[in-house]
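Working notes for the structure below.
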Amino acid sequence: MRTRSIWLVWLALTCSASAAAPMAAQIDSITLERTLCYGTCPVYKVTVRRDGTVTYDGKQFVRATGRRMRKIPARQFQELASEVLRVGFFDFKAKYSYKNNPDGSAEFITDQPTRITTVRAGKLHKRVENYYGGPQSLALLEKLIDKLTGSAEWTGRNPNET
C-alpha cells in the first residue's frame, strides 16, 4: 500500500508540474487564426516567434493573400508573451461556443468567425477556440496579437474592429 501511495504522489506532482503555465521567456510562438463567417470576415493566420519573426498566411477577404513575413522587435514578442501569462491563457477552456447568462440560460449565435489562439512553449501546446462567449481578456489578447504583428497591413482591416 505504501508503494502505491508514493507512486500516486509522484504521479500527481509530475502531472501538476507539466500542466503548469510556462514563464514568458519559455514561450516559443503565438498564433492567431481567424476563420470564415457568413459574410466577408477576414480569413488568415498569423504566427509570431520568440525572435520576432512574423508569418502571415492570408486566405480570403484580406488585402494580401498568400504568405508574407516580417520581423518585429523581440521585445514586442516578450510583451505579448507576458500578456499571455497575465490573462491566464493556460487556464482558459479549450473552446468557447456560447455565452452563459446570469439567469442560468445559454446564449447561442450563428455565422460568426472563430478565433483560434495557439501558444507553444517547448513541448507544451495550448489551443483555444473562441467562437462566442469567451472571456473579454481573450478577445483583447486576440486584438493585441493583430496589433503587435501588424496584420492590418495585410488584412486591410483595423484589428479593433475584427
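Following the order of the C-alpha cells, first chain is A, next is B, and so on, with residues numbered from 1 inside each chain and ligands from 1 in the order they appear.
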
### Message
Residues near Leu141 of chain A, anyone? I mean within 12 Å using only C-alpha atoms, not counting same-chain ones fewer than 4 positions away, as number ranges by chain.
### Response
A: 30-32, 79-89, 115-119, 128, 130, 134-137, 145-148, 159-160

### Task
Give the strand (DSSP E) residues of chain A, as assigned by DSSP on the backbone, as a VMD selection string.
chain A and resid 29 to 34 43 to 49 53 to 60 66 to 71 95 to 96 99 to 100 106 to 107 115 to 121 124 to 130

#### Entry: All helix (DSSP H, G or I) residues (DSSP, backbone) inside chain A, as a ChimeraX atom specification
/A:2-19,24-26,74-86,89-91,136-149,152-155

### Message
Given only C-alpha atoms as the basis, pick out the residue of A:Pro42, A:Gly150, A:Pro22, A:Gly52 nearest to Thr114 of chain A.
### Response
A:Pro42

### Spatial neighbours of segment 38-41 of chain A, 9 Å, only C-alpha atoms, chain gap at least 3 places, as a VMD selection string
chain A and resid 34 to 35 60 to 62 110 to 113 162

Any chance you could export the current selection's N, CA and C atoms as a tab-separated table (two decimals), in the first residue's frame?
chain	number	residue	atom	x	y	z
A	34	ARG	N	-8.05	33.39	-37.82
A	34	ARG	CA	-9.43	33.84	-37.94
A	34	ARG	C	-10.07	33.07	-39.09
A	35	THR	N	-11.26	32.50	-38.84
A	35	THR	CA	-11.90	31.62	-39.81
A	35	THR	C	-13.07	32.31	-40.52
A	60	GLN	N	-8.82	34.57	-47.42
A	60	GLN	CA	-9.96	35.20	-48.09
A	60	GLN	C	-10.32	36.51	-47.40
A	61	PHE	N	-10.90	37.42	-48.16
A	61	PHE	CA	-11.40	38.69	-47.65
A	61	PHE	C	-10.33	39.49	-46.92
A	62	VAL	N	-9.12	39.43	-47.47
A	62	VAL	CA	-7.98	40.18	-46.94
A	62	VAL	C	-7.31	40.91	-48.10
A	110	THR	N	-25.07	32.38	-34.48
A	110	THR	CA	-24.55	31.63	-35.63
A	110	THR	C	-23.85	32.57	-36.60
A	111	ASP	N	-23.13	31.97	-37.51
A	111	ASP	CA	-22.49	32.66	-38.64
A	111	ASP	C	-21.41	33.65	-38.23
A	112	GLN	N	-20.70	33.35	-37.16
A	112	GLN	CA	-19.59	34.18	-36.70
A	112	GLN	C	-18.27	33.51	-37.06
A	113	PRO	N	-17.20	34.29	-37.18
A	113	PRO	CA	-15.89	33.67	-37.35
A	113	PRO	C	-15.41	33.09	-36.02
A	162	THR	N	-12.23	43.77	-35.80
A	162	THR	CA	-12.44	42.35	-36.16
A	162	THR	C	-12.51	41.47	-34.95

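Across A:Ala139, A:Leu124, A:Ala106, A:Val46, the tightest approach to Thr155 of chain A is made by A:Val46 when counting only C-alpha atoms.
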
### Top pick for closest residue to Thr65 of chain A, considering A:Tyr44, A:Glu129, A:Glu33, A:Asn101 and counting only C-alpha atoms
A:Tyr44

### Message
Can you pull out the residues contacting Pro73 of chain A? Cut-off 10 Å, using only C-alpha atoms, and skip same-chain residues under 2 positions away; I want them as a ChimeraX atom specification.
### Response
/A:50-53,71,75-78,148

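Between Ala94 of chain A and the candidates A:Ile72, A:Ala121, A:Leu138, A:Val43, the tightest atom-to-atom separation, counting only C-alpha atoms, involves A:Leu138.
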